[in-house]
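Chemist: Handing over entry27.txt, compact mmCIF, C-alpha atoms and all ligand atoms.
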```txt
# COMPACT_ATOMS: atom_id res chain seq x y z
CA MET A 1 2.43 -18.69 -9.18
CA MET A 2 2.75 -19.84 -5.58
CA SER A 3 6.33 -19.97 -4.34
CA GLU A 4 7.80 -23.32 -3.28
CA ARG A 5 8.16 -22.08 0.29
CA ALA A 6 4.55 -20.92 0.44
CA LEU A 7 3.41 -24.24 -1.01
CA ASP A 8 5.38 -26.18 1.59
CA ALA A 9 4.03 -23.98 4.38
CA TYR A 10 0.47 -24.52 3.12
CA HIS A 11 0.94 -28.25 2.97
CA ASP A 12 2.44 -28.44 6.43
CA ALA A 13 -0.26 -26.32 8.06
CA ALA A 14 -3.12 -28.11 6.28
CA ARG A 15 -1.74 -31.43 7.49
CA HIS A 16 -0.87 -30.49 11.07
CA CYS A 17 -3.28 -27.76 12.08
CA ILE A 18 -6.61 -29.43 11.52
CA GLY A 19 -8.81 -27.84 14.19
CA ASN A 20 -11.39 -25.12 13.83
CA PRO A 21 -10.15 -22.08 15.81
CA SER A 22 -13.67 -21.50 17.17
CA ALA A 23 -13.89 -24.98 18.70
CA ALA A 24 -13.34 -25.37 22.45
CA HIS A 25 -11.47 -28.69 22.31
CA ALA A 26 -7.68 -29.13 22.23
CA LEU A 27 -7.40 -29.14 18.42
CA GLY A 28 -9.51 -25.99 18.27
CA ARG A 29 -7.35 -24.28 20.87
CA GLN A 30 -4.23 -25.29 18.96
CA ALA A 31 -5.72 -23.73 15.79
CA ALA A 32 -6.77 -20.58 17.67
CA THR A 33 -3.23 -20.15 18.99
CA MET A 34 -1.82 -20.67 15.52
CA LEU A 35 -4.26 -18.10 14.11
CA GLN A 36 -3.30 -15.54 16.73
CA ASP A 37 0.41 -16.16 16.08
CA MET A 38 -0.23 -15.70 12.36
CA ARG A 39 -2.16 -12.47 12.95
CA GLU A 40 0.74 -11.08 14.95
CA LYS A 41 3.15 -12.19 12.26
CA THR A 42 1.09 -10.58 9.47
CA ALA A 43 0.91 -7.36 11.47
CA SER A 44 4.64 -7.35 12.04
CA LEU A 45 5.46 -8.19 8.40
CA LEU A 46 3.21 -5.39 7.13
CA ASP A 47 4.12 -3.07 9.98
CA ILE A 48 0.50 -2.51 10.95
CA ASP A 49 -1.49 -2.81 14.17
CA VAL A 50 -2.56 -6.39 14.89
CA LYS A 51 -6.14 -5.21 15.47
CA SER A 52 -6.33 -3.90 11.91
CA VAL A 53 -5.76 -7.35 10.33
CA VAL A 54 -8.93 -8.92 8.91
CA TYR A 55 -8.34 -12.12 6.94
CA THR A 56 -10.57 -12.55 3.90
CA SER A 57 -10.96 -14.83 0.91
CA GLY A 58 -9.04 -12.38 -1.27
CA GLY A 59 -9.00 -8.88 -2.68
CA THR A 60 -12.57 -8.98 -3.96
CA GLU A 61 -14.03 -9.76 -0.56
CA ALA A 62 -11.81 -7.23 1.22
CA ASN A 63 -12.97 -4.47 -1.16
CA SER A 64 -16.58 -5.55 -0.78
CA ILE A 65 -16.55 -5.50 3.02
CA ALA A 66 -15.20 -1.94 3.05
CA ILE A 67 -17.58 -0.62 0.38
CA LEU A 68 -20.74 -2.40 1.43
CA SER A 69 -20.19 -1.29 5.00
CA GLN A 70 -21.58 2.05 3.79
CA LEU A 71 -25.00 0.45 3.36
CA TRP A 72 -25.45 0.54 7.12
CA ARG A 73 -25.56 4.33 6.95
CA ARG A 74 -29.06 5.63 7.50
CA SER A 75 -28.80 8.42 4.96
CA PRO A 76 -27.02 7.43 1.74
CA LYS A 77 -24.88 10.19 0.29
CA ARG A 78 -22.08 10.56 -2.24
CA VAL A 79 -19.41 7.96 -3.06
CA ILE A 80 -16.38 8.67 -5.26
CA PHE A 81 -14.70 5.87 -7.25
CA SER A 82 -11.65 6.55 -9.37
CA SER A 83 -12.16 5.57 -13.00
CA LEU A 84 -9.18 3.24 -12.63
CA GLU A 85 -10.80 0.83 -10.22
CA HIS A 86 -10.83 -2.92 -10.72
CA ALA A 87 -14.25 -4.56 -11.12
CA ALA A 88 -13.95 -5.65 -7.47
CA VAL A 89 -14.66 -1.99 -6.64
CA SER A 90 -16.40 -0.51 -9.68
CA GLN A 91 -19.03 -3.23 -9.87
CA HIS A 92 -20.52 -1.99 -6.59
CA LYS A 93 -21.79 1.13 -8.35
CA ARG A 94 -25.17 -0.31 -9.35
CA LEU A 95 -26.02 -1.63 -5.89
CA LEU A 96 -24.95 1.59 -4.20
CA GLU A 97 -27.07 3.61 -6.64
CA THR A 98 -30.02 1.29 -6.14
CA MET A 99 -29.70 1.93 -2.41
CA GLY A 100 -29.86 5.69 -2.96
CA PHE A 101 -26.16 6.66 -3.08
CA GLU A 102 -24.85 9.03 -5.70
CA VAL A 103 -21.77 7.34 -7.19
CA VAL A 104 -19.45 9.68 -9.05
CA VAL A 105 -16.48 8.47 -11.04
CA ALA A 106 -13.33 10.60 -10.82
CA PRO A 107 -11.72 10.76 -14.28
CA SER A 108 -8.14 9.91 -15.18
CA ILE A 109 -5.70 10.97 -17.86
CA ASN A 110 -3.46 8.24 -19.27
CA GLY A 111 -3.86 6.06 -16.20
CA TYR A 112 -3.48 8.78 -13.55
CA LEU A 113 -6.30 10.29 -11.57
CA ASP A 114 -6.95 13.93 -12.47
CA VAL A 115 -6.31 15.45 -9.03
CA ASP A 116 -8.05 18.78 -9.73
CA LYS A 117 -11.21 17.02 -10.93
CA PHE A 118 -11.01 14.71 -7.93
CA ARG A 119 -10.80 17.67 -5.56
CA SER A 120 -13.79 19.32 -7.24
CA LEU A 121 -15.92 16.21 -6.54
CA LEU A 122 -15.33 16.45 -2.78
CA SER A 123 -18.69 17.84 -1.71
CA ASP A 124 -19.79 18.01 1.93
CA ASP A 125 -21.87 14.86 1.59
CA VAL A 126 -19.08 12.49 0.49
CA GLN A 127 -19.00 9.36 2.66
CA LEU A 128 -16.60 7.08 0.83
CA VAL A 129 -13.68 7.50 -1.56
CA CYS A 130 -12.09 4.52 -3.35
CA VAL A 131 -8.80 4.99 -5.16
CA MET A 132 -6.58 2.05 -6.00
CA LEU A 133 -2.85 2.20 -5.32
CA ALA A 134 -1.56 0.52 -8.47
CA ASN A 135 -3.56 -0.24 -11.57
CA ASN A 136 -3.74 -3.86 -12.69
CA VAL A 137 -3.85 -3.18 -16.44
CA VAL A 138 -1.47 -0.31 -17.10
CA GLY A 139 0.56 -0.38 -13.87
CA THR A 140 0.20 3.31 -13.00
CA VAL A 141 0.61 4.14 -9.30
CA GLN A 142 -1.59 6.85 -7.80
CA ASP A 143 -0.29 9.48 -5.43
CA ILE A 144 -2.37 8.27 -2.49
CA PRO A 145 -0.75 10.58 0.12
CA ALA A 146 -1.69 13.63 -1.99
CA LEU A 147 -5.25 12.38 -2.52
CA VAL A 148 -5.69 11.52 1.15
CA SER A 149 -4.47 14.95 2.09
CA CYS A 150 -7.11 16.55 -0.24
CA VAL A 151 -9.74 14.47 1.54
CA ARG A 152 -8.51 15.29 5.04
CA GLU A 153 -8.36 19.00 4.19
CA HIS A 154 -11.95 18.83 3.01
CA GLU A 155 -12.98 17.06 6.22
CA LYS A 156 -11.60 19.96 8.22
CA LEU A 157 -13.88 22.35 6.33
CA SER A 158 -16.99 20.17 6.35
CA GLY A 159 -16.52 18.67 9.80
CA ARG A 160 -17.54 15.26 8.42
CA ARG A 161 -15.38 12.15 8.27
CA ILE A 162 -14.80 10.55 4.85
CA HIS A 163 -13.80 6.89 4.61
CA PHE A 164 -10.79 6.52 2.28
CA HIS A 165 -10.50 2.99 0.90
CA CYS A 166 -7.59 1.82 -1.16
CA ASP A 167 -7.36 -1.29 -3.31
CA ALA A 168 -3.72 -2.22 -2.66
CA VAL A 169 -3.96 -5.64 -4.33
CA GLN A 170 -1.42 -4.95 -7.06
CA MET A 171 1.00 -3.02 -4.91
CA ILE A 172 1.88 -5.36 -2.07
CA GLY A 173 5.19 -7.06 -2.71
CA LYS A 174 6.07 -4.87 -5.66
CA LYS A 175 7.25 -1.78 -3.84
CA ASP A 176 8.21 -0.98 -0.28
CA LEU A 177 4.95 0.25 1.14
CA LYS A 178 4.16 1.29 4.69
CA LEU A 179 0.37 1.17 4.80
CA SER A 180 0.18 2.67 8.27
CA THR A 181 1.74 5.93 7.05
CA LEU A 182 -0.91 6.50 4.37
CA ASP A 183 -3.65 7.74 6.72
CA ILE A 184 -6.24 5.63 4.89
CA ASP A 185 -9.22 3.96 6.56
CA SER A 186 -9.01 0.60 4.82
CA ALA A 187 -7.13 -1.33 2.14
CA ALA A 188 -7.54 -4.61 0.27
CA MET A 189 -4.78 -7.17 -0.42
CA SER A 190 -4.63 -10.54 -2.09
CA ALA A 191 -2.06 -13.28 -1.43
CA HIS A 192 -1.93 -14.64 -4.99
CA LYS A 193 -0.48 -11.35 -6.17
CA PHE A 194 2.69 -11.93 -4.16
CA GLN A 195 3.27 -15.64 -4.67
CA GLY A 196 0.91 -16.75 -1.93
CA PRO A 197 -2.14 -18.96 -2.42
CA ARG A 198 -5.35 -18.03 -4.23
CA GLY A 199 -8.46 -17.54 -2.12
CA VAL A 200 -6.74 -15.71 0.76
CA GLY A 201 -6.37 -12.01 1.32
CA LEU A 202 -6.58 -9.30 3.83
CA LEU A 203 -8.59 -6.26 4.71
CA TYR A 204 -6.51 -3.66 6.50
CA ALA A 205 -9.04 -1.91 8.71
CA PRO A 206 -7.34 0.42 11.19
CA SER A 207 -10.25 2.76 11.83
CA GLY A 208 -12.63 0.20 13.35
CA SER A 209 -15.50 1.97 11.58
CA LEU A 210 -16.56 -0.89 9.31
CA GLU A 211 -19.47 -3.28 9.68
CA SER A 212 -19.90 -6.17 7.30
CA LEU A 213 -23.15 -6.87 5.49
CA SER A 214 -22.44 -10.56 5.57
CA LYS A 215 -23.09 -12.09 8.99
CA GLY A 216 -21.89 -15.34 10.50
CA GLY A 217 -20.01 -16.69 13.48
CA GLY A 218 -18.37 -13.39 14.42
CA GLN A 219 -14.88 -14.33 13.23
CA GLU A 220 -12.43 -11.59 12.16
CA HIS A 221 -13.90 -8.98 14.54
CA GLY A 222 -17.33 -9.76 13.04
CA LEU A 223 -16.21 -8.43 9.66
CA ARG A 224 -15.75 -11.78 7.95
CA GLY A 225 -17.71 -14.62 9.49
CA GLY A 226 -16.76 -18.16 8.51
CA THR A 227 -14.14 -20.70 9.50
CA GLU A 228 -10.69 -19.29 8.90
CA ASN A 229 -8.42 -20.68 6.18
CA ILE A 230 -5.45 -21.25 8.44
CA ALA A 231 -3.26 -23.09 5.91
CA GLY A 232 -3.88 -20.27 3.42
CA ILE A 233 -3.04 -17.64 6.03
CA VAL A 234 0.17 -19.46 7.01
CA ALA A 235 1.20 -19.66 3.33
CA MET A 236 0.32 -15.99 2.80
CA ASN A 237 2.62 -15.05 5.69
CA THR A 238 5.42 -17.17 4.20
CA ALA A 239 4.99 -15.31 0.91
CA LEU A 240 5.04 -11.98 2.78
CA GLU A 241 8.20 -13.05 4.58
CA ASP A 242 9.86 -13.83 1.25
CA ILE A 243 8.90 -10.42 -0.06
CA ARG A 244 10.47 -8.72 2.93
CA GLU A 245 13.68 -10.63 2.38
CA ASN A 246 13.92 -10.31 -1.39
CA ILE A 247 12.10 -7.13 -2.33
CA HIS A 248 15.17 -5.19 -3.47
CA GLN A 249 16.75 -7.98 -5.49
CA ASP A 250 13.36 -8.93 -7.01
CA ALA A 251 12.79 -5.29 -7.94
CA GLN A 252 16.17 -5.19 -9.70
CA HIS A 253 15.35 -8.34 -11.67
CA VAL A 254 11.92 -7.03 -12.69
CA LEU A 255 13.40 -3.66 -13.70
CA HIS A 256 15.96 -5.46 -15.86
CA LEU A 257 13.18 -7.42 -17.64
CA ARG A 258 11.07 -4.28 -18.05
CA LYS A 259 13.94 -2.42 -19.70
CA LEU A 260 14.63 -5.38 -21.97
CA LEU A 261 10.98 -5.52 -23.06
CA GLU A 262 10.72 -1.76 -23.53
CA ASP A 263 13.98 -1.52 -25.50
CA GLN A 264 13.11 -4.40 -27.80
CA LEU A 265 9.37 -3.91 -28.25
CA TYR A 266 9.27 -0.16 -28.73
CA ALA A 267 11.97 -0.38 -31.38
CA THR A 268 9.50 -2.54 -33.33
CA ARG A 269 7.20 -0.96 -35.87
CA GLY A 270 3.58 -1.78 -35.07
CA ILE A 271 3.93 -1.91 -31.28
CA MET A 272 2.67 1.09 -29.35
CA PRO A 273 3.34 1.81 -25.68
CA VAL A 274 0.28 2.19 -23.46
CA SER A 275 1.83 2.15 -19.97
CA PRO A 276 4.33 4.90 -19.17
CA ARG A 277 7.94 3.91 -19.77
CA VAL A 278 10.39 3.38 -16.95
CA ASP A 279 12.35 6.47 -17.97
CA ASP A 280 9.29 8.74 -18.12
CA GLY A 281 9.84 9.49 -14.43
CA LYS A 282 6.26 8.57 -13.51
CA ASP A 283 5.31 6.31 -10.65
CA ILE A 284 4.61 2.86 -12.13
CA LEU A 285 4.73 -0.83 -11.32
CA ASN A 286 7.61 -2.17 -13.38
CA SER A 287 5.98 -5.59 -13.41
CA VAL A 288 2.89 -4.54 -15.40
CA MET A 289 3.33 -3.33 -18.95
CA ALA A 290 0.51 -2.65 -21.40
CA ILE A 291 1.08 -2.30 -25.13
CA SER A 292 -1.16 -2.00 -28.16
CA ILE A 293 -0.63 -3.94 -31.41
CA PRO A 294 -2.93 -2.56 -34.11
CA ALA A 295 -2.26 -5.48 -36.52
CA PHE A 296 -4.66 -7.79 -34.66
CA PRO A 297 -7.39 -7.60 -32.02
CA SER A 298 -6.20 -8.49 -28.51
CA GLU A 299 -7.99 -11.84 -28.57
CA VAL A 300 -6.02 -12.99 -31.62
CA THR A 301 -2.68 -11.89 -30.18
CA THR A 302 -3.31 -13.53 -26.81
CA ARG A 303 -4.41 -16.76 -28.54
CA ILE A 304 -1.25 -16.92 -30.68
CA LEU A 305 0.95 -16.22 -27.67
CA SER A 306 -0.86 -18.84 -25.61
CA ASP A 307 -0.30 -21.42 -28.37
CA ASN A 308 3.39 -20.55 -28.00
CA LYS A 309 3.17 -21.10 -24.22
CA LEU A 310 3.40 -17.37 -23.51
CA TYR A 311 0.61 -16.24 -21.23
CA VAL A 312 -0.42 -12.60 -21.32
CA SER A 313 -3.84 -11.04 -21.08
CA SER A 314 -5.97 -8.62 -23.00
CA GLY A 315 -6.80 -6.53 -19.93
CA SER A 316 -7.27 -7.70 -16.41
CA ALA A 317 -7.54 -11.49 -16.07
CA CYS A 318 -10.67 -11.02 -13.97
CA SER A 319 -12.39 -8.85 -16.57
CA ASN A 320 -11.59 -11.28 -19.38
CA ASN A 321 -14.84 -12.87 -18.23
CA ALA A 322 -16.67 -9.74 -19.32
CA LYS A 323 -15.21 -8.74 -22.66
CA ARG A 324 -17.25 -5.68 -23.38
CA GLN A 325 -16.14 -4.25 -20.08
CA HIS A 326 -12.41 -4.55 -20.58
CA ASN A 327 -12.58 -2.93 -24.00
CA ARG A 328 -14.18 0.06 -22.34
CA GLN A 329 -11.79 -0.07 -19.43
CA LEU A 330 -8.83 1.54 -21.16
CA VAL A 331 -11.03 4.39 -22.38
CA ASP A 332 -12.22 4.91 -18.81
CA PHE A 333 -8.57 5.14 -17.77
CA GLY A 334 -8.21 8.13 -20.09
CA TYR A 335 -6.59 6.44 -23.11
CA PRO A 336 -7.73 6.85 -26.72
CA ALA A 337 -10.40 4.35 -27.85
CA HIS A 338 -8.38 2.97 -30.77
CA MET A 339 -5.88 1.40 -28.35
CA ALA A 340 -8.49 -0.50 -26.36
CA ASN A 341 -9.26 -3.38 -28.69
CA HIS A 342 -5.59 -4.09 -29.33
CA LEU A 343 -4.42 -3.99 -25.75
CA ILE A 344 -2.00 -6.58 -24.43
CA ARG A 345 -1.04 -6.65 -20.78
CA ILE A 346 2.27 -8.29 -19.98
CA SER A 347 2.84 -9.03 -16.32
CA PHE A 348 5.97 -10.59 -14.95
CA GLY A 349 7.72 -11.15 -11.65
CA PRO A 350 10.71 -12.55 -9.80
CA SER A 351 10.25 -16.00 -11.36
CA THR A 352 10.06 -14.72 -14.97
CA THR A 353 13.23 -15.45 -16.95
CA GLU A 354 15.08 -13.46 -19.59
CA GLU A 355 14.62 -16.39 -21.97
CA GLU A 356 10.83 -16.11 -21.60
CA CYS A 357 11.01 -12.40 -22.36
CA ASP A 358 13.16 -13.06 -25.45
CA ARG A 359 10.60 -15.57 -26.75
CA LEU A 360 7.79 -13.09 -26.09
CA ILE A 361 9.65 -10.32 -27.93
CA SER A 362 10.25 -12.56 -30.92
CA CYS A 363 6.57 -13.66 -31.12
CA LEU A 364 5.27 -10.12 -30.69
CA ARG A 365 7.54 -8.90 -33.47
CA HIS A 366 6.02 -11.44 -35.86
CA ILE A 367 2.50 -10.50 -34.78
CA ALA A 368 3.15 -6.76 -35.10
CA SER A 369 4.46 -7.24 -38.62
CA GLY A 370 1.22 -9.00 -39.56
CA ASN A 371 3.20 -12.07 -40.66
CA ILE A 372 2.09 -14.75 -38.26
CA THR A 373 2.86 -17.91 -40.24
CA ASN A 374 6.01 -18.53 -38.15
CA VAL A 375 4.15 -18.31 -34.85
CA MET A 376 0.92 -20.14 -35.71
CA ARG A 377 0.71 -23.55 -34.00
N1 LIG B 401 -8.18 -5.66 -7.16
C1 LIG B 401 -7.23 -5.69 -8.10
C2 LIG B 401 -6.52 -4.43 -8.46
C3 LIG B 401 -6.90 -6.89 -8.74
O1 LIG B 401 -5.95 -6.90 -9.69
C4 LIG B 401 -7.59 -8.07 -8.38
C5 LIG B 401 -7.31 -9.34 -9.03
O2 LIG B 401 -6.60 -9.46 -9.99
C6 LIG B 401 -8.57 -7.99 -7.37
C7 LIG B 401 -8.84 -6.76 -6.80
C8 LIG B 401 -9.32 -9.21 -6.94
O3 LIG B 401 -8.53 -9.97 -6.06
P1 LIG B 401 -8.90 -11.49 -5.76
O4 LIG B 401 -8.66 -12.24 -7.04
O5 LIG B 401 -7.97 -11.90 -4.67
O6 LIG B 401 -10.31 -11.52 -5.32
```
What would the structure in this file look like if it were written as structure tokens?

Modeler:
Amino acid sequence: MMSERALDAYHDAARHCIGNPSAAHALGRQAATMLQDMREKTASLLDIDVKSVVYTSGGTEANSIAILSQLWRRSPKRVIFSSLEHAAVSQHKRLLETMGFEVVVAPSINGYLDVDKFRSLLSDDVQLVCVMLANNVVGTVQDIPALVSCVREHEKLSGRRIHFHCDAVQMIGKKDLKLSTLDIDSAAMSAHKFQGPRGVGLLYAPSGSLESLSKGGGQEHGLRGGTENIAGIVAMNTALEDIRENIHQDAQHVLHLRKLLEDQLYATRGIMPVSPRVDDGKDILNSVMAISIPAFPSEVTTRILSDNKLYVSSGSACSNNAKRQHNRQLVDFGYPAHMANHLIRISFGPSTTEEECDRLISCLRHIASGNITNVMR
């Protein structure tokens, strides 16, 4: 949900900054100045170089620009995707293969990339590696510094540069993250994941080695042609500002809700954990928790919850459009198949209340017991 402050900022900018930044007249110049101010602000809020900021229409487009940039290469070679990737990355496999690339999928175990297998896939002809920071379904966080260091070590031996792309969509705003220290070549972000507006995002492109397939008016260093969504960018910055200010207190609140959900749900017969628990000592997003309820298929559970005004998903919201895919998804992440069709993903944030969690716990307990008469609407 968009924060009130981001909404106000959007409204104000849409009303008062009406020019096209590419236009030469006064309104255009005003918009161009605003855009440049916003770019500097984004860079400062994310602690990255201003030249590495490429505004996009969201995480999907940011991922696409980075991946499809490879199609300019004259000799297609090997690409490695982690098996955890969101469809915004994994769905590029078919096109890349059609264009002659060999796409290999690095396997995972219980939501974490198998680092030894990953290392063994690093052949001398690898051009691109895509590993997401935090998974959108089970909330596992990958050890990107360790994976990048495997890649950079390999580069030293092969003498060839490998582009390391990271889908950071789920991570921004959830944990303190300094992108510029990761030594990655690009990363994707999306404003609606941190209480900004939908349809705005960012490609972090510090290496300057990308070239977009989509061509237009040369905006965003030629990487994303098209008139910029200034109101969206302003609102995204406001949301980023809020994160900076509140990240520690928001994290405490989310941790409290996570513990409440874990304590209450895992004490219930018929509810199985899928995501690691907070106390397992693994790196996770506390705000994303996946469980499995064998009593009913995911679709039934989500429908009952929705009728009770509790909105969870049966995988990633984006892949709910492609059911067969999300049922396979959990298996691809390295989980047993029997969990996949009963998967429920609960995601929550700073605006989620304890009362909402209590209602969810009560409904899920009824569902897990198989007695749903009290929660049918
Ligand atoms: N990557 C991940 C991990 C996501 O969770 C999502 C959306 O949920 C996307 C990419 C797509 O982002 P957008 O909806 O901004 O295109």

Chemist: Quick one: contact table of chain A to ligand LIG 401 (chain B), 10 Å max, nearest atom pair and distance in Å to one decimal per residue, counting only C-alpha atoms and all ligand atoms, chain and number order, as JSON lines?

Modeler:
```
{"residue": "A:Thr56", "atom": "CA", "partner": "B:LIG401", "partner_atom": "O5", "distance": 9.0}
{"residue": "A:Ser57", "atom": "CA", "partner": "B:LIG401", "partner_atom": "O5", "distance": 7.0}
{"residue": "A:Gly58", "atom": "CA", "partner": "B:LIG401", "partner_atom": "O5", "distance": 3.6}
{"residue": "A:Gly59", "atom": "CA", "partner": "B:LIG401", "partner_atom": "O3", "distance": 3.6}
{"residue": "A:Thr60", "atom": "CA", "partner": "B:LIG401", "partner_atom": "O6", "distance": 3.7}
{"residue": "A:Glu61", "atom": "CA", "partner": "B:LIG401", "partner_atom": "O6", "distance": 6.3}
{"residue": "A:Ala62", "atom": "CA", "partner": "B:LIG401", "partner_atom": "O6", "distance": 8.0}
{"residue": "A:Asn63", "atom": "CA", "partner": "B:LIG401", "partner_atom": "C7", "distance": 7.4}
{"residue": "A:Ser64", "atom": "CA", "partner": "B:LIG401", "partner_atom": "O6", "distance": 9.8}
{"residue": "A:Leu84", "atom": "CA", "partner": "B:LIG401", "partner_atom": "C2", "distance": 9.1}
{"residue": "A:Glu85", "atom": "CA", "partner": "B:LIG401", "partner_atom": "C2", "distance": 7.0}
{"residue": "A:His86", "atom": "CA", "partner": "B:LIG401", "partner_atom": "C2", "distance": 5.1}
{"residue": "A:Ala87", "atom": "CA", "partner": "B:LIG401", "partner_atom": "C7", "distance": 7.3}
{"residue": "A:Ala88", "atom": "CA", "partner": "B:LIG401", "partner_atom": "C7", "distance": 5.3}
{"residue": "A:Val89", "atom": "CA", "partner": "B:LIG401", "partner_atom": "N1", "distance": 7.5}
{"residue": "A:Met132", "atom": "CA", "partner": "B:LIG401", "partner_atom": "C2", "distance": 6.9}
{"residue": "A:Leu133", "atom": "CA", "partner": "B:LIG401", "partner_atom": "C2", "distance": 8.2}
{"residue": "A:Ala134", "atom": "CA", "partner": "B:LIG401", "partner_atom": "C2", "distance": 7.0}
{"residue": "A:Asn135", "atom": "CA", "partner": "B:LIG401", "partner_atom": "C2", "distance": 6.0}
{"residue": "A:Asn136", "atom": "CA", "partner": "B:LIG401", "partner_atom": "O1", "distance": 4.8}
{"residue": "A:Val137", "atom": "CA", "partner": "B:LIG401", "partner_atom": "O1", "distance": 8.0}
{"residue": "A:Gly139", "atom": "CA", "partner": "B:LIG401", "partner_atom": "C2", "distance": 9.8}
{"residue": "A:Cys166", "atom": "CA", "partner": "B:LIG401", "partner_atom": "N1", "distance": 9.6}
{"residue": "A:Asp167", "atom": "CA", "partner": "B:LIG401", "partner_atom": "N1", "distance": 5.9}
{"residue": "A:Ala168", "atom": "CA", "partner": "B:LIG401", "partner_atom": "C2", "distance": 6.8}
{"residue": "A:Val169", "atom": "CA", "partner": "B:LIG401", "partner_atom": "C1", "distance": 5.0}
{"residue": "A:Gln170", "atom": "CA", "partner": "B:LIG401", "partner_atom": "C2", "distance": 5.3}
{"residue": "A:Met171", "atom": "CA", "partner": "B:LIG401", "partner_atom": "C2", "distance": 8.4}
{"residue": "A:Ala188", "atom": "CA", "partner": "B:LIG401", "partner_atom": "C7", "distance": 7.5}
{"residue": "A:Met189", "atom": "CA", "partner": "B:LIG401", "partner_atom": "O5", "distance": 7.1}
{"residue": "A:Ser190", "atom": "CA", "partner": "B:LIG401", "partner_atom": "O5", "distance": 4.4}
{"residue": "A:Ala191", "atom": "CA", "partner": "B:LIG401", "partner_atom": "O5", "distance": 6.9}
{"residue": "A:His192", "atom": "CA", "partner": "B:LIG401", "partner_atom": "O5", "distance": 6.6}
{"residue": "A:Lys193", "atom": "CA", "partner": "B:LIG401", "partner_atom": "O2", "distance": 7.5}
{"residue": "A:Pro197", "atom": "CA", "partner": "B:LIG401", "partner_atom": "O5", "distance": 9.4}
{"residue": "A:Arg198", "atom": "CA", "partner": "B:LIG401", "partner_atom": "O5", "distance": 6.7}
{"residue": "A:Gly199", "atom": "CA", "partner": "B:LIG401", "partner_atom": "O5", "distance": 6.2}
{"residue": "A:Val200", "atom": "CA", "partner": "B:LIG401", "partner_atom": "O5", "distance": 6.7}
{"residue": "A:Gly201", "atom": "CA", "partner": "B:LIG401", "partner_atom": "O5", "distance": 6.2}
{"residue": "A:Leu202", "atom": "CA", "partner": "B:LIG401", "partner_atom": "O5", "distance": 9.0}
{"residue": "A:Ser316", "atom": "CA", "partner": "B:LIG401", "partner_atom": "O2", "distance": 6.7}
{"residue": "A:Ala317", "atom": "CA", "partner": "B:LIG401", "partner_atom": "O2", "distance": 6.5}
{"residue": "A:Cys318", "atom": "CA", "partner": "B:LIG401", "partner_atom": "O2", "distance": 5.9}
{"residue": "A:Ser319", "atom": "CA", "partner": "B:LIG401", "partner_atom": "O2", "distance": 8.8}
```

Chemist: Kindly give the distance, in Å, that separates atom CA of Val79 of chain A and atom CA of Asp49 of chain A, rounded to a single decimal.

Modeler: 27.1 Å

Chemist: Point out the residue among A:Thr238, A:Thr42, A:Asn308, A:Ser209 with the least atom-to-atom distance to Phe194 of chain A, counting all atoms listed in the file.

Modeler: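 Of A:Thr238, A:Thr42, A:Asn308, A:Ser209, the one nearest Phe194 of chain A is A:Thr238, counting all atoms listed in the file.
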
Chemist: Ranking A:Phe164, A:Phe296, A:Phe333, A:Phe348 by minimum distance to Asp114 of chain A and counting all atoms listed in the file, which one comes first?

Modeler: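 Among A:Phe164, A:Phe296, A:Phe333, A:Phe348, it is A:Phe333 that comes nearest to Asp114 of chain A.
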
Chemist: Hey, can you pull every residue with an atom no more than 10 Å from (-7.0, 6.8, 5.5), using all atoms listed in the file, and send it as a PyMOL selection string?

Modeler: chain A and resi 129+144-145+147-149+151-152+162-166+179-187+205-207

Chemist: Hey, can you spit out that residue selection with C-alpha atoms as a PDB file, in the coordinates of the input?

Modeler:
```pdb
ATOM      1  CA  VAL A 129     -13.680   7.500  -1.560  1.00  0.00           C
ATOM      2  CA  ILE A 144      -2.370   8.270  -2.490  1.00  0.00           C
ATOM      3  CA  PRO A 145      -0.750  10.580   0.120  1.00  0.00           C
ATOM      4  CA  LEU A 147      -5.250  12.380  -2.520  1.00  0.00           C
ATOM      5  CA  VAL A 148      -5.690  11.520   1.150  1.00  0.00           C
ATOM      6  CA  SER A 149      -4.470  14.950   2.090  1.00  0.00           C
ATOM      7  CA  VAL A 151      -9.740  14.470   1.540  1.00  0.00           C
ATOM      8  CA  ARG A 152      -8.510  15.290   5.040  1.00  0.00           C
ATOM      9  CA  ILE A 162     -14.800  10.550   4.850  1.00  0.00           C
ATOM     10  CA  HIS A 163     -13.800   6.890   4.610  1.00  0.00           C
ATOM     11  CA  PHE A 164     -10.790   6.520   2.280  1.00  0.00           C
ATOM     12  CA  HIS A 165     -10.500   2.990   0.900  1.00  0.00           C
ATOM     13  CA  CYS A 166      -7.590   1.820  -1.160  1.00  0.00           C
ATOM     14  CA  LEU A 179       0.370   1.170   4.800  1.00  0.00           C
ATOM     15  CA  SER A 180       0.180   2.670   8.270  1.00  0.00           C
ATOM     16  CA  THR A 181       1.740   5.930   7.050  1.00  0.00           C
ATOM     17  CA  LEU A 182      -0.910   6.500   4.370  1.00  0.00           C
ATOM     18  CA  ASP A 183      -3.650   7.740   6.720  1.00  0.00           C
ATOM     19  CA  ILE A 184      -6.240   5.630   4.890  1.00  0.00           C
ATOM     20  CA  ASP A 185      -9.220   3.960   6.560  1.00  0.00           C
ATOM     21  CA  SER A 186      -9.010   0.600   4.820  1.00  0.00           C
ATOM     22  CA  ALA A 187      -7.130  -1.330   2.140  1.00  0.00           C
ATOM     23  CA  ALA A 205      -9.040  -1.910   8.710  1.00  0.00           C
ATOM     24  CA  PRO A 206      -7.340   0.420  11.190  1.00  0.00           C
ATOM     25  CA  SER A 207     -10.250   2.760  11.830  1.00  0.00           C
TER      26      SER A 207
END
```
